[in-house]
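A.B. asks: Before we start, here is the structure in question, set down as structure tokens.
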Amino acid sequence: MLNLFALTCEEVAGEMSRRYGKGMYHAAALYREIFKKGSTSFAKTTEFSRSHSLAVQLAGDLWLPSCRIIATQEEEGVLKFASALADDRIIESVIIPANGRTTLCVSSQVGCRMGCRFCATGGMGYVRNLTVEEIVWQVHAARFKLNRRVDNIVFMGMGEPLDNLANVIRSVRVIGDQRGFDMAPSHITVSTAGHADGIRDLAALNIRKLRLAVSLNASNDELRTRLMPINRRYPLSRIKQELLAFPVEKCGVIFIEYVLLKGINDSRGDAIELARYLTGFPVRVNVIAFNPSGSNTYAAPGEENVRRFCGWLADEKLFVRLRRSRGQAIMAACGQLGSAALGGEEKL
Ligand code: SF4
């Protein structure tokens with residue numbers, strides 16, 4: 001079968017040549033129909049209408065993911081959609097419009113083994129990695145099933161993307177193909193809970209302008225291990241070592257995500273400690289107020305606390321941005337995707 005959603009156009013051309021003695025002319029037409037127009041009627045295109053037998057053969061060989069949207073919920077323009085995969089596992093993705101641009105937050109795993117204490121997905125445990133086609137499908141679904149434009153993609157949905165690095169990177173290449181979605185790496189952000197080996201491996205791939213975000217949430221190991229068990233394996237010193245070596249492009253930055261938890265990581269001391277930790281590499285800190293979900297024991301900080309914390313970081317000369325959390329009522333905000341009911345067992 002020809003698994004189109006997992007191949008770049010160049011690779012499709014290679015398959016066309018191997019299977020049918022054809023090449024880029026037909027590959028580009030097929031790619032354009034599926035990824036630019038969201039249509040499977042490639043047989044009607046000029047390129048294929050003259051080769052009916054090729055179109056028939058290709059239709060028989062073409063394999064498209066059998067994912068389907070099973071639910072959508074919208075609040076304040078934020079649209080969350082749940083998709084059932086071929087094995088009936090469920091993932092969630094979120095479309096977030098802001099300032100005239102639309103960001104799609106995609107999942108990279110069913111569940112997650114990182115077990116961050118403040119995250120609903122972490123409560124599910126790990127089920128499995130998403131395949132390349134399941135990741136790419138989320139973009140296709142947002143574009144053509146939900147008719148939304150997609151300007152940016154963030155790997156901040158369910159799962160730790162660097163725990164599924166090979167599939168995430170291949171999906172970045174497919175999504176970036178100019179003959180298809182044409183989304184440059186500078187519009188794609190891979191977010192990690194601090195998987196230091198993954199950051200090292202990602203750096204080695206040297207994908208120009210691909211953006212990296214690190215969900216830090218604490219600036220000392222004691223607190224961070226309490227909030228994020230992955231910190232036992234990759235303590236802050238190891239993460240910093242990898243961040244210092246990360247090939248940040250000229251004028252580029254590493255995004256630091258900091259979920260603010262009331263009374264836990266929101267003191268002036270936390271802000272000063274965070275600023276000290278971040279000395280030496282170009283960062284932009286995104287502060288996000290915690291979104292309570294289900295049985296979580298943490299509390300949301302008040303708006304005043306959030307502003308004060310951002311002010312303290314700015315006093316320390318950090319470039320800080322307060323990220324407004326939307327979609328809380330539909331559990332589409334940061335850390336709210338998935339639920340224990342979706343299943344999964346393995347945790348770090
Ligand atoms: Fe996994 Fe991210 Fe949730 Fe942590 S915050 S448990 S890495 S999905």
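All residue names refer to the structure tokens as shown: chains lettered A, B, ... in order, residues numbered from 1 in each chain, ligands numbered from 1 in order.
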List all protein, DNA and RNA residues that have at least one atom no more than 6 Å from any atom of ligand 1, counting only C-alpha atoms and all ligand atoms, and write them as a list in words.
C.D. replies: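 Residues lying within 6 Å of ligand 1: Cys112, Met114, Gly115, Cys116, Cys119, Thr121, Gly122, Met158, Gly159, Glu160, Ala193 and Gly335 of chain A.
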A.B. asks: Just the selected residues (N, CA and C atoms), exported as a JSON list (two decimals), in the first residue's frame, please.
C.D. replies:
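Saved the output as result-v3.json:
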[["chain", "number", "residue", "atom", "x", "y", "z"],
["A", 112, "CYS", "N", 0.52, 9.55, 27.90],
["A", 112, "CYS", "CA", 1.88, 10.06, 28.07],
["A", 112, "CYS", "C", 2.50, 9.39, 29.27],
["A", 114, "MET", "N", 5.07, 10.60, 30.99],
["A", 114, "MET", "CA", 5.83, 11.54, 31.82],
["A", 114, "MET", "C", 5.16, 11.81, 33.17],
["A", 115, "GLY", "N", 3.84, 11.66, 33.19],
["A", 115, "GLY", "CA", 3.12, 11.72, 34.47],
["A", 115, "GLY", "C", 3.19, 13.05, 35.21],
["A", 116, "CYS", "N", 3.31, 14.16, 34.49],
["A", 116, "CYS", "CA", 3.33, 15.47, 35.16],
["A", 116, "CYS", "C", 2.08, 15.59, 36.02],
["A", 119, "CYS", "N", -1.18, 17.60, 34.97],
["A", 119, "CYS", "CA", -1.67, 17.43, 33.60],
["A", 119, "CYS", "C", -2.64, 16.25, 33.50],
["A", 121, "THR", "N", -3.47, 14.57, 30.81],
["A", 121, "THR", "CA", -2.92, 13.49, 29.98],
["A", 121, "THR", "C", -1.96, 12.64, 30.81],
["A", 122, "GLY", "N", -1.17, 13.31, 31.66],
["A", 122, "GLY", "CA", -0.23, 12.59, 32.52],
["A", 122, "GLY", "C", -0.95, 11.59, 33.40],
["A", 158, "MET", "N", -1.58, 15.86, 23.51],
["A", 158, "MET", "CA", -1.31, 14.71, 24.35],
["A", 158, "MET", "C", 0.04, 14.10, 23.99],
["A", 159, "GLY", "N", 0.84, 13.81, 25.01],
["A", 159, "GLY", "CA", 2.10, 13.10, 24.77],
["A", 159, "GLY", "C", 3.33, 13.97, 24.85],
["A", 160, "GLU", "N", 4.47, 13.29, 24.99],
["A", 160, "GLU", "CA", 5.78, 13.95, 24.99],
["A", 160, "GLU", "C", 6.38, 13.71, 23.60],
["A", 193, "ALA", "N", 8.81, 18.13, 27.92],
["A", 193, "ALA", "CA", 8.78, 18.26, 29.38],
["A", 193, "ALA", "C", 10.20, 18.24, 29.94],
["A", 335, "GLY", "N", -2.67, 21.41, 29.44],
["A", 335, "GLY", "CA", -2.67, 20.41, 30.51],
["A", 335, "GLY", "C", -4.02, 19.76, 30.75]]
A.B. asks: What lies within 12 Å of Leu278 (chain A) using only C-alpha atoms, ignoring chain neighbours under 4 positions off, as a VMD selection string?
C.D. replies: chain A and resid 214 216 218 to 220 236 to 237 239 to 241 243 to 244 253 to 256 271 to 274 282 to 285 313 316 to 319
A.B. asks: Pull the closest atom pair for each residue of region 45-124 of chain A that gets at most 12 Å from region 3-21 of chain A, along with the distance in Å to one decimal, counting only C-alpha atoms, ordering rows by chain and then ascending residue number, as a tab-separated table.
C.D. replies:
residue	atom	partner	partner_atom	distance
A:Ser51	CA	A:Tyr20	CA	11.2
A:Ser53	CA	A:Tyr20	CA	10.3
A:Leu54	CA	A:Tyr20	CA	7.4
A:Ala55	CA	A:Tyr20	CA	10.5
A:Val56	CA	A:Tyr20	CA	11.6
A:Gln57	CA	A:Tyr20	CA	8.8
A:Leu58	CA	A:Tyr20	CA	8.9
A:Ala59	CA	A:Leu4	CA	11.6
A:Gly60	CA	A:Asn3	CA	11.8
A:Asp61	CA	A:Asn3	CA	8.7
A:Leu62	CA	A:Asn3	CA	6.5
A:Trp63	CA	A:Asn3	CA	4.9
A:Leu64	CA	A:Asn3	CA	6.4
A:Pro65	CA	A:Phe5	CA	7.5
A:Ser66	CA	A:Phe5	CA	11.2
A:Cys67	CA	A:Phe5	CA	11.9
A.B. asks: Next, dump the selected residues to file, keeping only N, CA and C atoms, as a PDB file, in the first residue's frame.
C.D. replies:
ATOM      1  N   SER A  51      -4.207   8.981 -18.018  1.00  0.00           N
ATOM      2  CA  SER A  51      -3.706   7.631 -17.698  1.00  0.00           C
ATOM      3  C   SER A  51      -4.703   6.937 -16.776  1.00  0.00           C
ATOM      4  N   SER A  53      -5.660   3.834 -16.469  1.00  0.00           N
ATOM      5  CA  SER A  53      -5.266   2.585 -15.790  1.00  0.00           C
ATOM      6  C   SER A  53      -4.359   2.904 -14.588  1.00  0.00           C
ATOM      7  N   LEU A  54      -3.535   3.937 -14.723  1.00  0.00           N
ATOM      8  CA  LEU A  54      -2.677   4.338 -13.600  1.00  0.00           C
ATOM      9  C   LEU A  54      -3.545   4.812 -12.431  1.00  0.00           C
ATOM     10  N   ALA A  55      -4.551   5.629 -12.758  1.00  0.00           N
ATOM     11  CA  ALA A  55      -5.443   6.151 -11.706  1.00  0.00           C
ATOM     12  C   ALA A  55      -6.139   5.003 -10.981  1.00  0.00           C
ATOM     13  N   VAL A  56      -6.568   3.995 -11.730  1.00  0.00           N
ATOM     14  CA  VAL A  56      -7.263   2.848 -11.115  1.00  0.00           C
ATOM     15  C   VAL A  56      -6.308   2.075 -10.209  1.00  0.00           C
ATOM     16  N   GLN A  57      -5.098   1.838 -10.735  1.00  0.00           N
ATOM     17  CA  GLN A  57      -4.088   1.118  -9.944  1.00  0.00           C
ATOM     18  C   GLN A  57      -3.775   1.867  -8.658  1.00  0.00           C
ATOM     19  N   LEU A  58      -3.567   3.174  -8.802  1.00  0.00           N
ATOM     20  CA  LEU A  58      -3.206   4.008  -7.659  1.00  0.00           C
ATOM     21  C   LEU A  58      -4.336   4.027  -6.621  1.00  0.00           C
ATOM     22  N   ALA A  59      -5.563   4.147  -7.100  1.00  0.00           N
ATOM     23  CA  ALA A  59      -6.706   4.164  -6.170  1.00  0.00           C
ATOM     24  C   ALA A  59      -6.731   2.878  -5.348  1.00  0.00           C
ATOM     25  N   GLY A  60      -6.328   1.779  -5.965  1.00  0.00           N
ATOM     26  CA  GLY A  60      -6.296   0.492  -5.257  1.00  0.00           C
ATOM     27  C   GLY A  60      -5.155   0.417  -4.256  1.00  0.00           C
ATOM     28  N   ASP A  61      -4.049   1.106  -4.577  1.00  0.00           N
ATOM     29  CA  ASP A  61      -2.855   1.016  -3.721  1.00  0.00           C
ATOM     30  C   ASP A  61      -2.829   2.067  -2.614  1.00  0.00           C
ATOM     31  N   LEU A  62      -3.559   3.156  -2.861  1.00  0.00           N
ATOM     32  CA  LEU A  62      -3.472   4.290  -1.938  1.00  0.00           C
ATOM     33  C   LEU A  62      -4.057   3.925  -0.576  1.00  0.00           C
ATOM     34  N   TRP A  63      -3.284   4.231   0.473  1.00  0.00           N
ATOM     35  CA  TRP A  63      -3.760   3.938   1.823  1.00  0.00           C
ATOM     36  C   TRP A  63      -3.839   5.247   2.591  1.00  0.00           C
ATOM     37  N   LEU A  64      -5.053   5.574   3.038  1.00  0.00           N
ATOM     38  CA  LEU A  64      -5.253   6.805   3.797  1.00  0.00           C
ATOM     39  C   LEU A  64      -5.672   6.439   5.216  1.00  0.00           C
ATOM     40  N   PRO A  65      -5.259   7.235   6.208  1.00  0.00           N
ATOM     41  CA  PRO A  65      -5.584   6.870   7.588  1.00  0.00           C
ATOM     42  C   PRO A  65      -7.091   6.783   7.821  1.00  0.00           C
ATOM     43  N   SER A  66      -7.486   5.812   8.611  1.00  0.00           N
ATOM     44  CA  SER A  66      -8.930   5.647   8.853  1.00  0.00           C
ATOM     45  C   SER A  66      -9.341   6.315  10.161  1.00  0.00           C
ATOM     46  N   CYS A  67      -8.741   7.470  10.466  1.00  0.00           N
ATOM     47  CA  CYS A  67      -9.121   8.218  11.669  1.00  0.00           C
ATOM     48  C   CYS A  67     -10.433   8.945  11.377  1.00  0.00           C
TER      49      CYS A  67
END
A.B. asks: Please identify all polymer residues within 12 Å of Arg268 (chain A), counting only C-alpha atoms, omitting same-chain residues fewer than 3 positions from it, and present them as a PDB file with N, CA, C and O atoms, in the first residue's frame.
C.D. replies:
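Output (selection.pdb):
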ATOM      1  N   GLY A 263       0.620  29.050  45.061  1.00  0.00           N
ATOM      2  CA  GLY A 263       1.304  28.665  46.299  1.00  0.00           C
ATOM      3  C   GLY A 263       2.380  27.611  46.123  1.00  0.00           C
ATOM      4  O   GLY A 263       2.976  27.141  47.100  1.00  0.00           O
ATOM      5  N   ILE A 264       2.645  27.205  44.883  1.00  0.00           N
ATOM      6  CA  ILE A 264       3.612  26.124  44.655  1.00  0.00           C
ATOM      7  C   ILE A 264       4.892  26.658  43.993  1.00  0.00           C
ATOM      8  O   ILE A 264       5.998  26.394  44.445  1.00  0.00           O
ATOM      9  N   ASN A 265       4.700  27.409  42.901  1.00  0.00           N
ATOM     10  CA  ASN A 265       5.874  27.873  42.137  1.00  0.00           C
ATOM     11  C   ASN A 265       5.716  29.339  41.739  1.00  0.00           C
ATOM     12  O   ASN A 265       6.251  29.760  40.720  1.00  0.00           O
ATOM     13  N   ALA A 271      10.692  33.200  40.979  1.00  0.00           N
ATOM     14  CA  ALA A 271      10.988  34.016  39.787  1.00  0.00           C
ATOM     15  C   ALA A 271      12.486  34.307  39.688  1.00  0.00           C
ATOM     16  O   ALA A 271      13.087  34.187  38.609  1.00  0.00           O
ATOM     17  N   ILE A 272      13.093  34.654  40.814  1.00  0.00           N
ATOM     18  CA  ILE A 272      14.528  34.980  40.803  1.00  0.00           C
ATOM     19  C   ILE A 272      15.350  33.731  40.472  1.00  0.00           C
ATOM     20  O   ILE A 272      16.276  33.770  39.657  1.00  0.00           O
ATOM     21  N   GLU A 273      14.966  32.616  41.061  1.00  0.00           N
ATOM     22  CA  GLU A 273      15.671  31.355  40.805  1.00  0.00           C
ATOM     23  C   GLU A 273      15.541  30.951  39.329  1.00  0.00           C
ATOM     24  O   GLU A 273      16.492  30.491  38.700  1.00  0.00           O
ATOM     25  N   LEU A 274      14.362  31.170  38.789  1.00  0.00           N
ATOM     26  CA  LEU A 274      14.130  30.843  37.371  1.00  0.00           C
ATOM     27  C   LEU A 274      15.028  31.707  36.481  1.00  0.00           C
ATOM     28  O   LEU A 274      15.666  31.214  35.541  1.00  0.00           O
ATOM     29  N   ALA A 275      15.078  32.987  36.796  1.00  0.00           N
ATOM     30  CA  ALA A 275      15.908  33.902  35.998  1.00  0.00           C
ATOM     31  C   ALA A 275      17.371  33.484  36.051  1.00  0.00           C
ATOM     32  O   ALA A 275      18.072  33.495  35.035  1.00  0.00           O
ATOM     33  N   ASN A 305      -1.853  37.507  40.839  1.00  0.00           N
ATOM     34  CA  ASN A 305      -0.617  36.740  41.111  1.00  0.00           C
ATOM     35  C   ASN A 305       0.161  36.490  39.826  1.00  0.00           C
ATOM     36  O   ASN A 305       1.392  36.549  39.809  1.00  0.00           O
ATOM     37  N   VAL A 306      -0.579  36.188  38.761  1.00  0.00           N
ATOM     38  CA  VAL A 306       0.077  35.887  37.489  1.00  0.00           C
ATOM     39  C   VAL A 306       0.808  37.131  36.982  1.00  0.00           C
ATOM     40  O   VAL A 306       1.974  37.063  36.575  1.00  0.00           O
ATOM     41  N   ARG A 307       0.130  38.258  37.037  1.00  0.00           N
ATOM     42  CA  ARG A 307       0.746  39.515  36.561  1.00  0.00           C
ATOM     43  C   ARG A 307       1.967  39.864  37.404  1.00  0.00           C
ATOM     44  O   ARG A 307       2.995  40.300  36.890  1.00  0.00           O
ATOM     45  N   ARG A 308       1.836  39.653  38.714  1.00  0.00           N
ATOM     46  CA  ARG A 308       2.948  39.974  39.612  1.00  0.00           C
ATOM     47  C   ARG A 308       4.151  39.082  39.291  1.00  0.00           C
ATOM     48  O   ARG A 308       5.276  39.556  39.212  1.00  0.00           O
ATOM     49  N   PHE A 309       3.896  37.800  39.051  1.00  0.00           N
ATOM     50  CA  PHE A 309       4.991  36.873  38.737  1.00  0.00           C
ATOM     51  C   PHE A 309       5.681  37.296  37.433  1.00  0.00           C
ATOM     52  O   PHE A 309       6.907  37.308  37.351  1.00  0.00           O
ATOM     53  N   CYS A 310       4.877  37.643  36.440  1.00  0.00           N
ATOM     54  CA  CYS A 310       5.452  38.103  35.157  1.00  0.00           C
ATOM     55  C   CYS A 310       6.300  39.356  35.393  1.00  0.00           C
ATOM     56  O   CYS A 310       7.379  39.502  34.792  1.00  0.00           O
ATOM     57  N   GLY A 311       5.817  40.236  36.256  1.00  0.00           N
ATOM     58  CA  GLY A 311       6.554  41.466  36.564  1.00  0.00           C
ATOM     59  C   GLY A 311       7.911  41.150  37.186  1.00  0.00           C
ATOM     60  O   GLY A 311       8.925  41.753  36.833  1.00  0.00           O
ATOM     61  N   TRP A 312       7.933  40.182  38.092  1.00  0.00           N
ATOM     62  CA  TRP A 312       9.196  39.809  38.742  1.00  0.00           C
ATOM     63  C   TRP A 312      10.191  39.271  37.701  1.00  0.00           C
ATOM     64  O   TRP A 312      11.374  39.581  37.762  1.00  0.00           O
ATOM     65  N   LEU A 313       9.672  38.476  36.767  1.00  0.00           N
ATOM     66  CA  LEU A 313      10.569  37.942  35.730  1.00  0.00           C
ATOM     67  C   LEU A 313      11.105  39.076  34.852  1.00  0.00           C
ATOM     68  O   LEU A 313      12.283  39.093  34.491  1.00  0.00           O
ATOM     69  N   ALA A 314      10.220  40.011  34.528  1.00  0.00           N
ATOM     70  CA  ALA A 314      10.646  41.152  33.706  1.00  0.00           C
ATOM     71  C   ALA A 314      11.700  41.978  34.446  1.00  0.00           C
ATOM     72  O   ALA A 314      12.671  42.453  33.847  1.00  0.00           O
ATOM     73  N   ASP A 315      11.530  42.117  35.774  1.00  0.00           N
ATOM     74  CA  ASP A 315      12.524  42.839  36.581  1.00  0.00           C
ATOM     75  C   ASP A 315      13.895  42.171  36.470  1.00  0.00           C
ATOM     76  O   ASP A 315      14.923  42.827  36.590  1.00  0.00           O
ATOM     77  N   GLU A 316      13.875  40.864  36.270  1.00  0.00           N
ATOM     78  CA  GLU A 316      15.141  40.108  36.140  1.00  0.00           C
ATOM     79  C   GLU A 316      15.642  40.113  34.698  1.00  0.00           C
ATOM     80  O   GLU A 316      16.493  39.324  34.330  1.00  0.00           O
TER      81      GLU A 316
END
A.B. asks: Apply DSSP to the backbone of this structure and, from region 71-160 of chain A, keep only the residues in strand (DSSP E or B); write these as a PyMOL selection string.
C.D. replies: chain A and resi 71-75+78-84+90-98+101-105+109-111+126-129+152-155
A.B. asks: Just write the chosen residues, N, CA, C and O atoms, as a short mmCIF file (atom, residue, chain, number, x, y, z; two decimals), in the first residue's frame.
C.D. replies:
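Heads up, here's the output in again.cif:
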data_model
loop_
_atom_site.label_atom_id
_atom_site.label_comp_id
_atom_site.auth_asym_id
_atom_site.auth_seq_id
_atom_site.Cartn_x
_atom_site.Cartn_y
_atom_site.Cartn_z
N ALA A 71 -15.93 13.96 18.02
CA ALA A 71 -16.57 15.00 18.83
C ALA A 71 -15.85 16.32 18.64
O ALA A 71 -14.64 16.35 18.41
N THR A 72 -16.60 17.40 18.69
CA THR A 72 -16.00 18.74 18.67
C THR A 72 -16.67 19.57 19.76
O THR A 72 -17.84 19.37 20.07
N GLN A 73 -15.89 20.48 20.32
CA GLN A 73 -16.44 21.42 21.31
C GLN A 73 -15.78 22.76 21.08
O GLN A 73 -14.56 22.81 20.83
N GLU A 74 -16.56 23.82 21.16
CA GLU A 74 -16.01 25.14 20.88
C GLU A 74 -16.34 26.10 22.01
O GLU A 74 -17.43 26.08 22.57
N GLU A 75 -15.35 26.94 22.35
CA GLU A 75 -15.57 27.99 23.36
C GLU A 75 -14.64 29.15 23.04
O GLU A 75 -13.44 28.94 22.84
N VAL A 78 -12.07 28.81 20.43
CA VAL A 78 -11.15 27.67 20.56
C VAL A 78 -11.94 26.40 20.28
O VAL A 78 -12.99 26.17 20.89
N LEU A 79 -11.46 25.62 19.33
CA LEU A 79 -12.18 24.41 18.93
C LEU A 79 -11.35 23.18 19.28
O LEU A 79 -10.23 23.02 18.79
N LYS A 80 -11.92 22.34 20.12
CA LYS A 80 -11.24 21.08 20.44
C LYS A 80 -11.91 19.97 19.66
O LYS A 80 -13.13 19.94 19.57
N PHE A 81 -11.10 19.09 19.05
CA PHE A 81 -11.73 17.93 18.41
C PHE A 81 -11.07 16.64 18.86
O PHE A 81 -9.87 16.56 19.06
N ALA A 82 -11.92 15.65 19.07
CA ALA A 82 -11.45 14.32 19.46
C ALA A 82 -11.53 13.42 18.25
O ALA A 82 -12.50 13.46 17.50
N SER A 83 -10.47 12.64 18.04
CA SER A 83 -10.43 11.74 16.88
C SER A 83 -10.28 10.31 17.36
O SER A 83 -9.48 10.03 18.26
N ALA A 84 -11.04 9.41 16.73
CA ALA A 84 -10.87 7.99 17.01
C ALA A 84 -9.89 7.44 15.98
O ALA A 84 -9.99 7.72 14.79
N ILE A 90 -8.44 7.15 21.38
CA ILE A 90 -8.91 8.51 21.11
C ILE A 90 -7.82 9.53 21.43
O ILE A 90 -7.15 9.43 22.48
N ILE A 91 -7.65 10.49 20.53
CA ILE A 91 -6.72 11.59 20.80
C ILE A 91 -7.49 12.91 20.67
O ILE A 91 -8.57 12.95 20.08
N GLU A 92 -6.88 13.96 21.20
CA GLU A 92 -7.52 15.27 21.10
C GLU A 92 -6.55 16.28 20.50
O GLU A 92 -5.33 16.18 20.69
N SER A 93 -7.10 17.24 19.79
CA SER A 93 -6.32 18.30 19.16
C SER A 93 -7.12 19.59 19.36
O SER A 93 -8.34 19.54 19.54
N VAL A 94 -6.43 20.72 19.32
CA VAL A 94 -7.12 22.00 19.60
C VAL A 94 -6.72 23.05 18.57
O VAL A 94 -5.54 23.19 18.23
N ILE A 95 -7.72 23.75 18.06
CA ILE A 95 -7.48 24.85 17.11
C ILE A 95 -7.68 26.16 17.86
O ILE A 95 -8.76 26.39 18.43
N ILE A 96 -6.64 26.99 17.86
CA ILE A 96 -6.68 28.21 18.68
C ILE A 96 -6.40 29.44 17.81
O ILE A 96 -5.26 29.67 17.40
N PRO A 97 -7.42 30.23 17.52
CA PRO A 97 -7.18 31.48 16.78
C PRO A 97 -6.72 32.58 17.73
O PRO A 97 -7.22 32.68 18.84
N ALA A 98 -5.75 33.36 17.29
CA ALA A 98 -5.30 34.50 18.11
C ALA A 98 -4.56 35.48 17.22
O ALA A 98 -3.71 35.09 16.41
N ARG A 101 -4.06 34.89 13.49
CA ARG A 101 -3.39 33.65 13.07
C ARG A 101 -4.03 32.48 13.82
O ARG A 101 -4.60 32.66 14.89
N THR A 102 -3.91 31.32 13.23
CA THR A 102 -4.52 30.15 13.87
C THR A 102 -3.46 29.09 14.16
O THR A 102 -2.67 28.74 13.29
N THR A 103 -3.46 28.64 15.39
CA THR A 103 -2.49 27.62 15.81
C THR A 103 -3.23 26.31 16.04
O THR A 103 -4.29 26.29 16.66
N LEU A 104 -2.63 25.25 15.53
CA LEU A 104 -3.18 23.92 15.78
C LEU A 104 -2.28 23.20 16.76
O LEU A 104 -1.07 23.06 16.53
N CYS A 105 -2.85 22.76 17.86
CA CYS A 105 -2.11 22.02 18.88
C CYS A 105 -2.36 20.53 18.63
O CYS A 105 -3.50 20.07 18.71
N GLN A 109 1.16 11.34 21.07
CA GLN A 109 1.02 10.01 21.66
C GLN A 109 -0.41 9.84 22.16
O GLN A 109 -1.12 10.83 22.38
N VAL A 110 -0.81 8.58 22.33
CA VAL A 110 -2.05 8.34 23.07
C VAL A 110 -1.59 8.22 24.52
O VAL A 110 -0.82 7.34 24.87
N GLY A 111 -2.04 9.17 25.35
CA GLY A 111 -1.56 9.22 26.73
C GLY A 111 -0.14 9.77 26.78
O GLY A 111 0.34 10.37 25.82
N TYR A 126 0.74 6.04 29.71
CA TYR A 126 1.12 5.91 28.29
C TYR A 126 0.37 4.75 27.64
O TYR A 126 0.25 3.67 28.23
N VAL A 127 -0.14 4.96 26.45
CA VAL A 127 -0.77 3.87 25.71
C VAL A 127 0.10 3.49 24.51
O VAL A 127 0.59 2.38 24.40
N ARG A 128 0.35 4.46 23.62
CA ARG A 128 1.23 4.17 22.48
C ARG A 128 1.61 5.47 21.77
O ARG A 128 0.98 6.51 21.98
N ASN A 129 2.64 5.34 20.95
CA ASN A 129 3.02 6.47 20.10
C ASN A 129 2.03 6.62 18.96
O ASN A 129 1.45 5.63 18.49
N ASN A 152 0.15 27.95 12.33
CA ASN A 152 1.22 27.42 13.19
C ASN A 152 0.80 26.08 13.76
O ASN A 152 -0.39 25.84 13.97
N ILE A 153 1.81 25.26 14.02
CA ILE A 153 1.52 23.98 14.67
C ILE A 153 2.38 23.88 15.92
O ILE A 153 3.58 24.20 15.90
N VAL A 154 1.77 23.48 17.01
CA VAL A 154 2.54 23.23 18.24
C VAL A 154 2.30 21.79 18.68
O VAL A 154 1.17 21.33 18.72
N PHE A 155 3.40 21.11 18.97
CA PHE A 155 3.28 19.75 19.52
C PHE A 155 3.14 19.90 21.03
O PHE A 155 4.08 19.73 21.79
#
A.B. asks: Within 12 Å of Ile188 (chain A), counting only C-alpha atoms, which residues qualify if same-chain residues fewer than 5 places away don't, as a VMD selection string?
C.D. replies: chain A and resid 103 to 106 139 150 to 156 168 to 169 171 to 173 175 to 176 182 to 183 207 to 213
A.B. asks: Between CA of Trp137 (chain A) and CA of Arg170 (chain A), what is the spacing in Å?
C.D. replies: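 The value is 13.0 Å.
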A.B. asks: Which of these residues is nearest to Tyr25 (chain A), using only C-alpha atoms: A:Lys44, A:Arg179, A:Leu260, A:Ile70?
C.D. replies: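 Among the listed residues, A:Arg179 lies closest to Tyr25 (chain A).
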A.B. asks: Excluding Phe144 (chain A) and any residue of its chain fewer than 6 positions from it, enumerate the residues within 10 Å of it, using only C-alpha atoms, and give them as a PyMOL selection string.
C.D. replies: chain A and resi 34-39
A.B. asks: Could those residues be written to a file, using N, CA, C and O atoms, as a PDB file, in the first residue's frame?
C.D. replies:
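Resulting contents of again.pdb:
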ATOM      1  N   ILE A  34      -4.592  15.917  -2.443  1.00  0.00           N
ATOM      2  CA  ILE A  34      -4.874  15.467  -1.069  1.00  0.00           C
ATOM      3  C   ILE A  34      -4.547  16.551  -0.042  1.00  0.00           C
ATOM      4  O   ILE A  34      -5.346  16.828   0.856  1.00  0.00           O
ATOM      5  N   PHE A  35      -3.363  17.161  -0.159  1.00  0.00           N
ATOM      6  CA  PHE A  35      -2.897  18.047   0.913  1.00  0.00           C
ATOM      7  C   PHE A  35      -3.180  19.532   0.682  1.00  0.00           C
ATOM      8  O   PHE A  35      -3.198  20.312   1.623  1.00  0.00           O
ATOM      9  N   LYS A  36      -3.359  19.925  -0.573  1.00  0.00           N
ATOM     10  CA  LYS A  36      -3.685  21.346  -0.786  1.00  0.00           C
ATOM     11  C   LYS A  36      -5.184  21.552  -0.969  1.00  0.00           C
ATOM     12  O   LYS A  36      -5.727  22.573  -0.572  1.00  0.00           O
ATOM     13  N   LYS A  37      -5.844  20.561  -1.571  1.00  0.00           N
ATOM     14  CA  LYS A  37      -7.277  20.724  -1.821  1.00  0.00           C
ATOM     15  C   LYS A  37      -8.148  19.870  -0.908  1.00  0.00           C
ATOM     16  O   LYS A  37      -9.368  20.043  -0.872  1.00  0.00           O
ATOM     17  N   GLY A  38      -7.544  18.895  -0.260  1.00  0.00           N
ATOM     18  CA  GLY A  38      -8.326  18.026   0.622  1.00  0.00           C
ATOM     19  C   GLY A  38      -9.277  17.134  -0.152  1.00  0.00           C
ATOM     20  O   GLY A  38     -10.327  16.737   0.340  1.00  0.00           O
ATOM     21  N   SER A  39      -8.897  16.799  -1.395  1.00  0.00           N
ATOM     22  CA  SER A  39      -9.774  15.996  -2.249  1.00  0.00           C
ATOM     23  C   SER A  39      -9.091  14.670  -2.599  1.00  0.00           C
ATOM     24  O   SER A  39      -7.864  14.601  -2.712  1.00  0.00           O
TER      25      SER A  39
END
A.B. asks: So the first atom is CA of Gln138 (chain A) and the second is CA of Ser186 (chain A); what is the distance between them in Å, to one decimal place?
C.D. replies: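 Going from CA of Gln138 (chain A) over to CA of Ser186 (chain A) covers 18.9 Å.
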A.B. asks: Could you work out how far CA of Thr279 (chain A) lies from CA of Lys262 (chain A), giving the answer in Å with one decimal?
C.D. replies: 24.9 Å
A.B. asks: Using only C-alpha atoms, determine which residues lie at most 8 Å from Val287 (chain A), disregarding the query and same-chain residues fewer than 4 positions distant; provide the list as a list of chain:residue names.
C.D. replies: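 Here the qualifying residues turn out to be A:Glu257, A:Tyr258, A:Val259, A:Leu260, A:Val306, A:Cys310, A:Val320, A:Arg321, A:Leu322, A:Arg323.
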